[in-house]
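A.B. asks: I am sharing data-v6.cif, which consists of mmCIF, C-alpha atoms:
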```
data_final
#
loop_
_atom_site.label_atom_id
_atom_site.label_comp_id
_atom_site.auth_asym_id
_atom_site.auth_seq_id
_atom_site.Cartn_x
_atom_site.Cartn_y
_atom_site.Cartn_z
CA MET A 1 28.15 -20.03 -23.47
CA ASP A 2 30.46 -23.02 -22.82
CA MET A 3 31.90 -21.17 -19.82
CA ILE A 4 28.43 -20.60 -18.38
CA SER A 5 27.52 -24.25 -18.95
CA GLN A 6 30.41 -25.29 -16.73
CA LEU A 7 28.96 -23.49 -13.74
CA PRO A 8 27.51 -25.55 -10.88
CA GLU A 9 23.89 -26.63 -11.37
CA ASP A 10 22.67 -24.64 -8.35
CA LEU A 11 24.04 -21.47 -9.92
CA LEU A 12 22.49 -22.28 -13.30
CA LEU A 13 19.11 -22.78 -11.62
CA ARG A 14 19.46 -19.40 -9.95
CA ILE A 15 20.13 -17.85 -13.36
CA LEU A 16 17.04 -19.54 -14.81
CA SER A 17 14.95 -18.34 -11.86
CA GLU A 18 15.70 -14.74 -12.87
CA LEU A 19 14.19 -15.15 -16.34
CA PRO A 20 10.86 -13.31 -16.78
CA THR A 21 8.59 -16.27 -17.58
CA ALA A 22 8.50 -20.06 -17.71
CA ASN A 23 8.43 -19.82 -21.51
CA ASP A 24 11.85 -18.15 -21.40
CA VAL A 25 13.09 -20.93 -19.12
CA VAL A 26 12.03 -23.65 -21.58
CA ALA A 27 13.71 -21.77 -24.43
CA THR A 28 17.13 -22.38 -22.83
CA MET A 29 16.89 -26.07 -23.75
CA VAL A 30 18.38 -25.32 -27.17
CA LEU A 31 21.60 -23.89 -25.71
CA SER A 32 23.29 -27.23 -25.08
CA LYS A 33 22.68 -30.72 -23.70
CA ARG A 34 23.68 -29.48 -20.24
CA TRP A 35 20.70 -27.07 -20.27
CA GLN A 36 18.07 -29.48 -21.62
CA PRO A 37 16.88 -30.99 -18.30
CA LEU A 38 17.40 -27.91 -16.11
CA TRP A 39 13.94 -26.38 -16.70
CA LYS A 40 12.43 -29.31 -14.76
CA SER A 41 14.24 -28.20 -11.60
CA VAL A 42 13.80 -24.41 -11.61
CA PRO A 43 12.41 -23.38 -8.18
CA LYS A 44 10.75 -20.14 -9.37
CA LEU A 45 8.13 -20.19 -12.12
CA VAL A 46 6.19 -17.28 -13.65
CA PHE A 47 3.39 -17.97 -16.12
CA ASP A 48 2.27 -14.83 -17.95
CA ASP A 49 -0.19 -15.15 -20.84
CA ASP A 50 0.40 -11.52 -21.84
CA ASP A 51 4.19 -11.50 -21.78
CA ASP A 52 4.80 -13.77 -24.74
CA ASP A 53 3.45 -12.73 -28.16
CA SER A 54 2.82 -16.36 -29.01
CA TYR A 55 0.00 -16.53 -26.44
CA GLN A 56 -1.72 -13.22 -27.16
CA ASN A 57 -5.06 -13.06 -28.94
CA ILE A 58 -5.43 -16.83 -29.19
CA ASP A 59 -7.52 -19.53 -27.60
CA THR A 60 -6.61 -19.88 -23.94
CA ARG A 61 -6.33 -23.67 -24.34
CA ARG A 62 -2.87 -23.41 -25.86
CA PHE A 63 -1.52 -21.48 -22.89
CA SER A 64 -3.36 -23.76 -20.44
CA ARG A 65 -1.83 -26.87 -21.97
CA PHE A 66 1.62 -25.32 -21.80
CA VAL A 67 1.17 -24.63 -18.09
CA ASP A 68 -0.28 -28.12 -17.50
CA TYR A 69 2.60 -29.92 -19.19
CA PHE A 70 5.23 -27.71 -17.60
CA LEU A 71 3.94 -28.26 -14.07
CA ILE A 72 3.26 -31.99 -14.52
CA LEU A 73 6.69 -32.67 -16.00
CA HIS A 74 8.47 -30.44 -13.49
CA GLU A 75 10.36 -32.73 -11.12
CA ALA A 76 11.66 -30.59 -8.25
CA PRO A 77 9.96 -28.70 -5.42
CA ILE A 78 8.62 -25.30 -6.50
CA ASP A 79 9.45 -22.49 -4.12
CA THR A 80 7.74 -19.62 -5.98
CA LEU A 81 4.79 -19.84 -8.36
CA HIS A 82 3.30 -16.78 -10.08
CA PHE A 83 0.33 -16.60 -12.44
CA GLU A 84 -0.16 -13.35 -14.39
CA LEU A 85 -3.36 -13.93 -16.40
CA THR A 86 -5.24 -11.54 -18.66
CA GLN A 87 -7.78 -14.04 -19.96
CA THR A 88 -10.51 -16.14 -18.36
CA PHE A 89 -9.48 -19.74 -17.82
CA ASP A 90 -11.54 -22.84 -17.12
CA VAL A 91 -12.03 -23.51 -13.43
CA LEU A 92 -10.58 -27.00 -13.95
CA ASP A 93 -7.31 -25.42 -15.10
CA ILE A 94 -7.12 -23.36 -11.91
CA VAL A 95 -7.95 -26.43 -9.81
CA LEU A 96 -5.16 -28.45 -11.46
CA TRP A 97 -2.57 -25.68 -11.04
CA ILE A 98 -3.38 -25.15 -7.39
CA THR A 99 -3.41 -28.91 -6.76
CA ILE A 100 0.11 -29.12 -8.16
CA ALA A 101 1.13 -26.12 -6.07
CA VAL A 102 -0.04 -27.99 -2.97
CA GLN A 103 1.83 -31.12 -3.99
CA ARG A 104 5.05 -29.23 -4.68
CA ARG A 105 4.81 -27.36 -1.38
CA VAL A 106 4.90 -23.88 -2.89
CA ARG A 107 5.93 -21.21 -0.36
CA TYR A 108 5.31 -18.06 -2.41
CA LEU A 109 2.09 -18.07 -4.45
CA LYS A 110 0.79 -15.18 -6.57
CA ILE A 111 -2.36 -15.24 -8.69
CA ASN A 112 -2.97 -11.99 -10.53
CA ILE A 113 -6.02 -11.87 -12.78
CA ASP A 114 -6.52 -8.95 -15.16
CA CYS A 115 -9.70 -9.84 -17.02
CA ALA A 116 -10.93 -6.35 -17.85
CA SER A 117 -12.72 -7.58 -20.96
CA SER A 118 -14.49 -10.46 -19.19
CA THR A 119 -17.30 -10.48 -16.63
CA THR A 120 -16.75 -14.12 -15.71
CA PRO A 121 -15.33 -14.31 -12.15
CA VAL A 122 -12.24 -16.39 -11.51
CA ILE A 123 -13.23 -18.61 -8.58
CA LEU A 124 -10.42 -20.22 -6.65
CA PRO A 125 -11.12 -23.76 -5.38
CA ARG A 126 -11.12 -24.87 -1.76
CA SER A 127 -7.92 -26.79 -2.49
CA LEU A 128 -6.12 -23.42 -2.17
CA TYR A 129 -6.53 -23.70 1.60
CA LYS A 130 -4.55 -26.94 1.55
CA CYS A 131 -1.47 -24.81 0.87
CA CYS A 132 -1.84 -23.41 4.35
CA GLY A 133 0.82 -25.56 5.94
CA MET A 134 3.70 -24.24 3.83
CA LEU A 135 2.75 -20.84 2.37
CA VAL A 136 4.87 -17.86 3.45
CA THR A 137 3.43 -15.32 0.98
CA LEU A 138 0.02 -15.33 -0.69
CA ASN A 139 -0.79 -12.61 -3.23
CA LEU A 140 -4.25 -12.61 -4.86
CA THR A 141 -5.67 -10.06 -7.30
CA SER A 142 -9.17 -9.98 -8.85
CA VAL A 143 -10.24 -13.45 -7.79
CA THR A 144 -13.19 -14.86 -5.87
CA LEU A 145 -12.55 -16.96 -2.79
CA THR A 146 -14.69 -20.03 -2.08
CA ASP A 147 -16.39 -20.49 1.27
CA ALA A 148 -15.35 -23.31 3.58
CA SER A 149 -17.06 -24.45 6.76
CA THR A 150 -13.70 -24.62 8.50
CA LEU A 151 -10.38 -23.03 7.63
CA PRO A 152 -7.09 -24.67 8.61
CA SER A 153 -4.34 -22.72 10.29
CA PHE A 154 -2.06 -20.80 7.96
CA SER A 155 0.76 -21.51 10.37
CA THR A 156 3.62 -20.14 8.22
CA LEU A 157 1.91 -17.31 6.31
CA LYS A 158 3.67 -13.98 6.94
CA THR A 159 2.60 -11.85 3.96
CA LEU A 160 -0.95 -11.63 2.59
CA ARG A 161 -2.16 -9.36 -0.20
CA LEU A 162 -5.83 -9.31 -1.17
CA LEU A 163 -6.42 -6.84 -4.00
CA SER A 164 -9.91 -6.51 -5.53
CA VAL A 165 -10.81 -9.90 -4.10
CA LYS A 166 -14.41 -11.04 -3.59
CA TYR A 167 -15.31 -13.03 -0.49
CA PRO A 168 -18.16 -15.21 0.79
CA GLY A 169 -18.88 -12.54 3.44
CA ASP A 170 -17.78 -10.67 6.58
CA GLU A 171 -17.51 -13.77 8.75
CA PHE A 172 -15.26 -15.53 6.23
CA VAL A 173 -12.81 -12.60 6.26
CA ARG A 174 -12.75 -12.65 10.06
CA ARG A 175 -12.06 -16.43 10.13
CA LEU A 176 -9.45 -16.21 7.37
CA LEU A 177 -7.35 -13.59 9.13
CA SER A 178 -7.82 -15.27 12.51
CA SER A 179 -6.25 -18.39 10.97
CA CYS A 180 -3.05 -16.49 10.16
CA HIS A 181 -1.27 -16.77 13.52
CA VAL A 182 2.11 -15.40 12.42
CA LEU A 183 0.95 -12.91 9.78
CA GLU A 184 3.14 -9.79 9.71
CA ASP A 185 2.30 -7.94 6.48
CA LEU A 186 -1.27 -7.38 5.23
CA GLU A 187 -2.45 -5.39 2.22
CA VAL A 188 -6.16 -5.13 1.40
CA GLU A 189 -7.81 -3.23 -1.43
CA GLN A 190 -11.58 -3.49 -1.24
CA CYS A 191 -13.52 -3.23 -4.49
CA ASN A 192 -17.17 -2.82 -5.33
CA ASP A 193 -19.46 -5.80 -4.69
CA ASP A 194 -16.88 -7.75 -2.70
CA ASN A 195 -19.64 -9.03 -0.33
CA VAL A 196 -17.93 -7.53 2.73
CA THR A 197 -19.46 -4.71 4.74
CA ILE A 198 -17.24 -4.74 7.85
CA PHE A 199 -13.67 -5.83 7.14
CA THR A 200 -12.27 -7.06 10.48
CA VAL A 201 -8.49 -7.15 10.93
CA LYS A 202 -7.87 -8.94 14.21
CA VAL A 203 -4.28 -10.20 14.03
CA PRO A 204 -2.08 -9.87 17.15
CA SER A 205 1.12 -10.62 15.20
CA LEU A 206 0.57 -8.03 12.45
CA ARG A 207 3.42 -5.56 11.90
CA THR A 208 2.30 -3.66 8.77
CA ALA A 209 -1.20 -3.04 7.40
CA SER A 210 -2.18 -1.24 4.19
CA LEU A 211 -5.96 -0.86 3.92
CA TYR A 212 -7.62 0.72 0.90
CA LYS A 213 -11.26 1.28 -0.04
CA ALA A 214 -12.22 2.20 -3.59
CA SER A 215 -13.79 5.65 -3.80
CA ASP A 216 -16.66 4.31 -5.91
CA ARG A 217 -17.76 1.64 -3.41
CA CYS A 218 -21.53 1.54 -3.07
CA THR A 219 -22.95 -0.25 -0.04
CA GLU A 220 -26.49 -0.22 1.31
CA ASP A 221 -25.34 -0.73 4.90
CA GLU A 222 -22.62 0.92 6.90
CA ASP A 223 -19.23 0.07 5.54
CA GLY A 224 -15.93 0.10 7.41
CA PHE A 225 -12.81 -1.40 8.97
CA VAL A 226 -12.39 -2.83 12.45
CA ILE A 227 -8.74 -3.01 13.49
CA ASP A 228 -7.33 -4.98 16.42
CA ALA A 229 -3.58 -5.19 15.84
CA PRO A 230 -1.65 -4.09 18.94
CA SER A 231 1.75 -5.02 17.46
CA LEU A 232 1.32 -2.83 14.38
CA GLY A 233 4.33 -0.72 13.43
CA LEU A 234 3.12 0.69 10.10
CA LEU A 235 -0.41 1.64 9.10
CA LYS A 236 -1.64 2.93 5.74
CA LEU A 237 -5.34 3.74 5.64
CA TYR A 238 -6.79 5.19 2.45
CA ASP A 239 -10.56 5.56 2.41
CA TYR A 240 -12.55 8.10 0.43
CA SER A 241 -15.78 6.09 0.40
CA GLY A 242 -17.17 7.74 3.52
CA SER A 243 -17.09 4.63 5.71
CA PHE A 244 -15.98 4.18 9.33
CA CYS A 245 -12.94 2.77 11.10
CA ILE A 246 -12.96 1.34 14.60
CA VAL A 247 -9.69 0.69 16.43
CA GLU A 248 -10.32 -1.72 19.29
CA LYS A 249 -6.89 -1.50 20.92
CA ASP A 250 -4.14 1.13 21.04
CA MET A 251 -1.11 0.51 18.88
CA PRO A 252 1.84 1.55 21.09
CA ASN A 253 4.47 0.23 18.64
CA ILE A 254 3.34 2.29 15.68
CA ILE A 255 6.16 4.19 13.97
CA ASP A 256 4.81 5.17 10.57
CA ALA A 257 1.22 6.00 9.60
CA ASP A 258 -0.61 7.36 6.55
CA VAL A 259 -4.23 8.32 7.24
CA PHE A 260 -6.16 9.53 4.19
CA VAL A 261 -9.86 9.45 5.07
CA ASN A 262 -13.03 11.29 4.18
CA HIS A 263 -16.27 12.05 6.04
CA TYR A 264 -16.01 10.05 9.25
CA PRO A 265 -14.19 11.38 12.36
CA SER A 266 -10.78 9.77 12.83
CA THR A 267 -10.73 10.27 16.61
CA GLU A 268 -10.15 6.58 17.35
CA ILE A 269 -7.52 6.21 14.64
CA LEU A 270 -5.22 9.10 15.54
CA SER A 271 -5.75 8.74 19.29
CA SER A 272 -4.58 5.12 19.09
CA ILE A 273 -1.33 5.93 17.27
CA THR A 274 0.08 8.78 19.37
CA SER A 275 3.45 7.00 19.54
CA VAL A 276 3.96 7.48 15.79
CA LYS A 277 7.23 9.00 14.56
CA ARG A 278 6.20 9.73 10.95
CA LEU A 279 2.65 10.82 10.14
CA ASP A 280 1.05 11.61 6.77
CA LEU A 281 -2.46 13.09 6.93
CA CYS A 282 -5.20 13.99 4.48
CA LEU A 283 -8.44 14.59 6.39
CA SER A 284 -11.60 16.37 5.32
CA TYR A 285 -12.05 17.88 8.80
CA SER A 286 -10.03 19.00 11.82
CA LYS A 287 -12.65 19.04 14.58
CA ASP A 288 -12.48 15.87 16.65
CA ALA A 289 -9.55 14.62 14.57
CA TYR A 290 -8.26 13.09 17.80
CA SER A 291 -9.14 13.10 21.48
CA ASP A 292 -8.44 16.11 23.68
CA GLY A 293 -5.26 15.61 25.68
CA SER A 294 -3.61 13.39 23.07
CA VAL A 295 0.07 14.15 22.60
CA PHE A 296 2.21 12.86 19.74
CA HIS A 297 5.21 12.62 22.02
CA ARG A 298 7.49 10.88 19.48
CA LEU A 299 6.36 12.56 16.26
CA VAL A 300 9.34 13.82 14.27
CA HIS A 301 8.16 14.00 10.63
CA LEU A 302 4.74 15.36 9.65
CA LYS A 303 3.11 15.57 6.20
CA ILE A 304 -0.25 17.23 5.67
CA CYS A 305 -2.28 17.49 2.48
CA THR A 306 -3.62 20.99 1.81
CA CYS A 307 -6.53 19.92 -0.41
CA ALA A 308 -9.18 19.95 2.34
CA THR A 309 -10.79 23.10 3.69
CA GLU A 310 -9.72 22.44 7.27
CA TRP A 311 -6.08 21.50 6.63
CA LEU A 312 -4.83 24.68 8.31
CA ASN A 313 -6.66 24.00 11.58
CA LEU A 314 -5.44 20.41 11.50
CA LEU A 315 -1.84 21.60 11.04
CA MET A 316 -2.00 23.97 14.01
CA CYS A 317 -3.56 21.27 16.23
CA VAL A 318 -0.81 18.76 15.44
CA LEU A 319 1.89 21.41 15.89
CA ARG A 320 0.46 22.22 19.31
CA ASP A 321 0.50 18.55 20.37
CA SER A 322 3.85 17.45 18.90
CA PRO A 323 6.63 18.80 21.16
CA LYS A 324 9.48 17.01 19.33
CA LEU A 325 8.49 17.70 15.72
CA ARG A 326 11.50 18.37 13.49
CA ALA A 327 10.19 18.39 9.91
CA ILE A 328 6.98 19.48 8.18
CA LYS A 329 5.96 18.88 4.59
CA LEU A 330 2.86 20.53 3.13
CA ARG A 331 1.57 19.51 -0.29
CA GLN A 332 -1.63 19.26 -2.25
CA CYS A 333 -2.32 15.62 -3.09
CA HIS A 334 -5.75 16.09 -4.65
CA ASP A 335 -7.53 18.60 -6.84
CA ILE A 336 -9.43 21.47 -5.22
CA ARG A 337 -12.88 22.35 -6.52
CA ASP A 338 -13.39 25.94 -7.64
CA ASP A 339 -16.38 26.32 -5.30
CA GLN A 340 -14.61 24.74 -2.32
CA PRO A 341 -14.31 27.06 0.72
CA ARG A 342 -10.77 28.00 1.64
CA PRO A 343 -9.38 27.73 5.17
CA CYS A 344 -9.49 30.63 7.58
CA TRP A 345 -6.39 31.67 9.54
CA ASN A 346 -6.64 32.27 13.28
CA GLU A 347 -3.49 33.35 15.11
CA PRO A 348 -2.74 30.84 17.91
CA LYS A 349 -2.83 32.23 21.44
CA SER A 350 0.53 30.62 22.16
CA VAL A 351 3.50 29.41 20.13
CA PRO A 352 3.69 25.58 19.84
CA GLU A 353 6.58 24.07 21.77
CA CYS A 354 8.04 22.45 18.65
CA LEU A 355 8.55 25.86 17.01
CA ILE A 356 10.53 26.98 20.01
CA SER A 357 12.70 23.93 20.59
CA SER A 358 12.81 21.39 17.73
CA LEU A 359 11.42 22.28 14.28
CA GLU A 360 14.27 22.42 11.74
CA THR A 361 12.77 22.14 8.26
CA LEU A 362 9.64 23.18 6.39
CA LYS A 363 8.99 21.97 2.85
CA TRP A 364 5.98 23.38 1.03
CA VAL A 365 5.03 21.95 -2.37
CA ASN A 366 2.61 23.76 -4.69
CA TYR A 367 2.58 26.94 -2.62
CA GLN A 368 0.04 29.32 -4.18
CA GLY A 369 0.58 32.47 -2.17
CA THR A 370 -2.99 32.79 -0.88
CA GLU A 371 -3.57 34.98 2.14
CA GLU A 372 -3.92 32.05 4.55
CA GLU A 373 -0.78 30.40 3.14
CA LYS A 374 1.20 33.59 3.62
CA GLU A 375 -0.04 33.82 7.22
CA VAL A 376 1.09 30.25 7.96
CA ALA A 377 4.52 30.76 6.37
CA ALA A 378 5.01 34.03 8.22
CA PHE A 379 3.98 32.50 11.55
CA ILE A 380 6.41 29.59 11.24
CA LEU A 381 9.30 31.79 10.09
CA ARG A 382 8.60 34.35 12.81
CA ASN A 383 8.53 31.79 15.63
CA GLY A 384 10.77 28.92 14.48
CA ARG A 385 13.83 29.36 16.64
CA CYS A 386 15.59 26.20 15.39
CA LEU A 387 14.69 26.46 11.70
CA LYS A 388 17.53 25.60 9.36
CA LYS A 389 15.83 25.33 5.98
CA VAL A 390 12.52 26.43 4.49
CA ALA A 391 12.03 25.12 0.94
CA ILE A 392 8.96 26.43 -0.89
CA SER A 393 8.02 25.58 -4.46
CA SER A 394 5.22 26.81 -6.69
CA GLU A 395 3.65 25.37 -9.81
CA ALA A 396 2.68 28.81 -11.07
CA THR A 397 3.63 29.29 -14.71
CA ASP A 398 3.56 33.08 -14.54
CA SER A 399 7.15 34.15 -13.82
CA ASP A 400 6.02 37.57 -12.54
CA LYS A 401 3.70 35.94 -10.03
CA LYS A 402 6.45 33.62 -8.82
CA LEU A 403 8.80 36.58 -8.41
CA GLU A 404 6.16 38.41 -6.40
CA MET A 405 5.70 35.40 -4.10
CA LEU A 406 9.48 35.19 -3.57
CA LYS A 407 9.68 38.88 -2.65
CA GLU A 408 6.85 38.49 -0.14
CA LEU A 409 8.46 35.46 1.49
CA SER A 410 11.83 37.20 1.65
CA LEU A 411 10.31 40.07 3.60
CA PHE A 412 8.96 37.83 6.36
CA SER A 413 10.99 38.09 9.57
CA ARG A 414 12.93 35.00 10.62
CA ARG A 415 13.49 34.15 14.27
CA SER A 416 16.31 31.72 13.48
CA PRO A 417 19.54 33.36 12.26
CA ASN A 418 20.50 30.03 10.61
CA CYS A 419 17.33 29.71 8.54
CA HIS A 420 17.92 29.37 4.79
CA LEU A 421 14.95 30.17 2.53
CA ALA A 422 14.84 28.40 -0.84
CA PHE A 423 12.13 29.14 -3.41
CA ASP A 424 11.53 27.35 -6.69
#
```
Just give me the structure of the file as structure tokens.
C.D. replies:
Amino acid sequence: MDMISQLPEDLLLRILSELPTANDVVATMVLSKRWQPLWKSVPKLVFDDDDDDSYQNIDTRRFSRFVDYFLILHEAPIDTLHFELTQTFDVLDIVLWITIAVQRRVRYLKINIDCASSTTPVILPRSLYKCCGMLVTLNLTSVTLTDASTLPSFSTLKTLRLLSVKYPGDEFVRRLLSSCHVLEDLEVEQCNDDNVTIFTVKVPSLRTASLYKASDRCTEDEDGFVIDAPSLGLLKLYDYSGSFCIVEKDMPNIIDADVFVNHYPSTEILSSITSVKRLDLCLSYSKDAYSDGSVFHRLVHLKICTCATEWLNLLMCVLRDSPKLRAIKLRQCHDIRDDQPRPCWNEPKSVPECLISSLETLKWVNYQGTEEEKEVAAFILRNGRCLKKVAISSEATDSDKKLEMLKELSLFSRRSPNCHLAFD
């Protein structure tokens, strides 16, 4: 310990910043006199009322006073401030903590509320918006934002995460995101009763967007996303609530996209991301999945979920319109109802260009050996001139059934002499 105490103060502060919580930081005071004042200068602070046994199942006032005293007595600028809270705290506590965060020019702020046992909302004060001039990352979970007639510019904010947050309304969301002029990374998870019907993402600087809607969302009016982010490079859209998505401008820089949607046609979504290189799809339909004439001219890696009835038609459409495709992965991401209709195989009139000139690998997870699955596998093996590896796995527990599936696959003709078939 004496050797560690001789290290430069900057290095000691870095060590303290790696400790899990502020309570652990304070505990180092007993190590030696050298360590006693260091906690007042630690640039990264994490307050977690569930991490330390001493704060569990007690009155929240004890934990609140610890946070109050720690922040008030802390003497140096605070770079990172995290709150992981499982209990409901007085609004005055939240106001004080955020006021100190503003004064100490916090750059990375995270407030994560997990109050599953409480129905009292955690309302963040307007003083939060005073952090706008220095924040680089803002991460909020299960809080309620307060309305403000005007919002200042979040001139340095690059990462914003809004998970199960409640808002004053649609217009507030639009103004909030419009105030983030250099925002690059956005993650939104909409919950029930969040007071937002149309979530508008209009951010020219945005590079990555992850947009989620809870499957149990109940809205009286139409519910959906409006996206205007021409610089987007990565898009993750997960929506099983049956809402809509409008894309106002094409996204020519898109490289990676996950589109998991239900009910509404995704024509605008897929037609606006035809420059994508990696695409992961789970759609409940194939008709009008994208506009006629659309070509995924850069698509190299394709994943398709086989849980929907029309997955097979969707696969053949994308194969037809992806001339440079090199890898396909098929897997079932969601359960299939017993009464759900199964897809119907229709032999294509022509062989997709990618099967002739580029496709190298096929990976199929949870292959069940149904008639339509056998037809797809046979078609790809029979026409894939560049295939190098076909890896197929089954979750069947019956060893005889798995052996039968392997024998059937082995009998399929292979156009590529270099194709290796692996079955698990």
A.B. asks: Neighbours of range 122-134 of chain A within 9 Å (all atoms listed in the file; same-chain residues fewer than 3 positions away dropped), as a ChimeraX atom specification?
C.D. replies: /A:88-91,94-95,98-99,101-103,105-108,113,115,142-148,151-157
A.B. asks: To one decimal place, how far is CA of Leu312 in chain A from CA of Lys249 in chain A in Å?
C.D. replies: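 Going from CA of Leu312 in chain A over to CA of Lys249 in chain A, I get 29.1 Å.
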A.B. asks: Select all residues near (-3.6, -11.7, 3.2) (cut-off 7 Å, inclusive, file coordinates), counting all atoms listed in the file, and output them as a PyMOL selection string.
C.D. replies: chain A and resi 138+159-162+186-187
A.B. asks: I need the residue set behind the PyMOL selection byres ((chain A and resi 284) around 7) for this file; please write it as JSON, numbers by chain.
C.D. replies: {"A": [262, 263, 282, 283, 285, 308, 309, 310]}
A.B. asks: Between A:Asn383, A:Ser275, A:Ser231, A:Asn313, which residue has the minimum interatomic distance to Ser350 in chain A, considering all atoms listed in the file?
C.D. replies: A:Asn383
A.B. asks: I need the output of the PyMOL selection byres ((chain A and resi 326) around 8) for this file as an MDAnalysis selection string; which residues are they?
C.D. replies: chainID A and resid 300:301 324:325 327:328 354 358:361
A.B. asks: Do you know which residues lie at most 12 Å from (-4.1, -23.1, -20.7), with coordinates as in the file and only C-alpha atoms counted, and could you write them as a PyMOL selection string?
C.D. replies: chain A and resi 47-49+55+58-71+83+85-94+96-97
A.B. asks: I'd like the interatomic distance between CA of Tyr238 in chain A and CA of Arg320 in chain A, to a tenth of an Å.
C.D. replies: 25.0 Å
A.B. asks: Which one of A:Ala76, A:Met405, A:Val188, A:Val196 sits closest to Gly169 in chain A if you count only C-alpha atoms?
C.D. replies: A:Val196
A.B. asks: So, counting only C-alpha atoms, which residue among A:Asn346, A:Ser291, A:Ser243, A:Thr120 is closest to Leu315 in chain A?
C.D. replies: A:Asn346
A.B. asks: Rounded to one decimal place, report the CA of Ser178 in chain A-CA of Lys202 in chain A distance in Å.
C.D. replies: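 Computing it gives 6.6 Å between the two atoms.
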A.B. asks: Could you list, as a list in words, every residue within 7 Å of Ser357 in chain A, counting only C-alpha atoms and ignoring same-chain residues fewer than 3 positions away?
C.D. replies: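 In the requested form, the answer reads Glu353, Cys354, Arg385 and Cys386 of chain A.
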A.B. asks: How would the residues just picked look written out with C-alpha atoms as a compact mmCIF listing (two decimals), in the frame of the given file?
C.D. replies:
```
# COMPACT_ATOMS: atom_id res chain seq x y z
CA GLU A 353 6.58 24.07 21.77
CA CYS A 354 8.04 22.45 18.65
CA ARG A 385 13.83 29.36 16.64
CA CYS A 386 15.59 26.20 15.39
```
A.B. asks: Applying the PyMOL selection byres ((chain A and resi 421) around 7) to the file I just gave you, which residues come out? Please list them as a list in words.
C.D. replies: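 Evaluating the PyMOL selection byres ((chain A and resi 421) around 7) on these coordinates yields Lys389, Val390, Ala391, Cys419, His420, Ala422 and Phe423 of chain A.
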A.B. asks: Using only C-alpha atoms, which residues sit within 7 Å of Leu330 in chain A once same-chain residues fewer than 6 positions away are excluded, as a PyMOL selection string?
C.D. replies: chain A and resi 303-306+363-365
A.B. asks: Can you pull out every residue within 12 Å of Val259 in chain A, counting only C-alpha atoms, but drop anything in the same chain fewer than 6 positions away, and send it as a ChimeraX atom specification?
C.D. replies: /A:209-212,234-240,245,265-270,273,276,278-284,289,302-305
A.B. asks: Give the answer as one residue: which of A:Leu177, A:Cys317, A:Val201, A:Ala214 has the shortest atom-to-atom distance to Ser164 in chain A, using only C-alpha atoms?
C.D. replies: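 Ranked by minimum distance to Ser164 in chain A, first place goes to A:Ala214.
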A.B. asks: Assuming 8 Å of padding per side, give the centre and edge lengths of the axis-aligned box around every listed atom of range 94-102 of chain A, in Å to one decimal and as lines of an AutoDock Vina configuration file.
C.D. replies:
```
center_x = -3.4
center_y = -26.2
center_z = -7.4
size_x = 25.1
size_y = 21.8
size_z = 24.9
```
A.B. asks: How would range 307-317 of chain A read, as a JSON list (two decimals), in the frame of the given file, once N, CA and C atoms are built in?
C.D. replies:
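Here's the written file rebuild-v1.json:
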```
[["chain", "number", "residue", "atom", "x", "y", "z"],
["A", 307, "CYS", "N", -5.39, 19.90, 0.50],
["A", 307, "CYS", "CA", -6.53, 19.92, -0.41],
["A", 307, "CYS", "C", -7.85, 20.16, 0.31],
["A", 308, "ALA", "N", -7.93, 19.82, 1.60],
["A", 308, "ALA", "CA", -9.18, 19.95, 2.34],
["A", 308, "ALA", "C", -9.31, 21.35, 2.95],
["A", 309, "THR", "N", -10.53, 21.76, 3.17],
["A", 309, "THR", "CA", -10.79, 23.10, 3.69],
["A", 309, "THR", "C", -10.17, 23.31, 5.06],
["A", 310, "GLU", "N", -10.15, 22.28, 5.89],
["A", 310, "GLU", "CA", -9.72, 22.44, 7.27],
["A", 310, "GLU", "C", -8.26, 22.03, 7.51],
["A", 311, "TRP", "N", -7.46, 21.95, 6.45],
["A", 311, "TRP", "CA", -6.08, 21.50, 6.63],
["A", 311, "TRP", "C", -5.30, 22.43, 7.57],
["A", 312, "LEU", "N", -5.58, 23.71, 7.52],
["A", 312, "LEU", "CA", -4.83, 24.68, 8.31],
["A", 312, "LEU", "C", -5.08, 24.47, 9.80],
["A", 313, "ASN", "N", -6.34, 24.27, 10.18],
["A", 313, "ASN", "CA", -6.66, 24.00, 11.58],
["A", 313, "ASN", "C", -6.03, 22.69, 12.05],
["A", 314, "LEU", "N", -6.05, 21.69, 11.16],
["A", 314, "LEU", "CA", -5.44, 20.41, 11.50],
["A", 314, "LEU", "C", -3.94, 20.58, 11.75],
["A", 315, "LEU", "N", -3.27, 21.35, 10.88],
["A", 315, "LEU", "CA", -1.84, 21.60, 11.04],
["A", 315, "LEU", "C", -1.54, 22.23, 12.40],
["A", 316, "MET", "N", -2.28, 23.27, 12.76],
["A", 316, "MET", "CA", -2.00, 23.97, 14.01],
["A", 316, "MET", "C", -2.28, 23.08, 15.23],
["A", 317, "CYS", "N", -3.28, 22.20, 15.12],
["A", 317, "CYS", "CA", -3.56, 21.27, 16.23],
["A", 317, "CYS", "C", -2.40, 20.31, 16.43]]
```
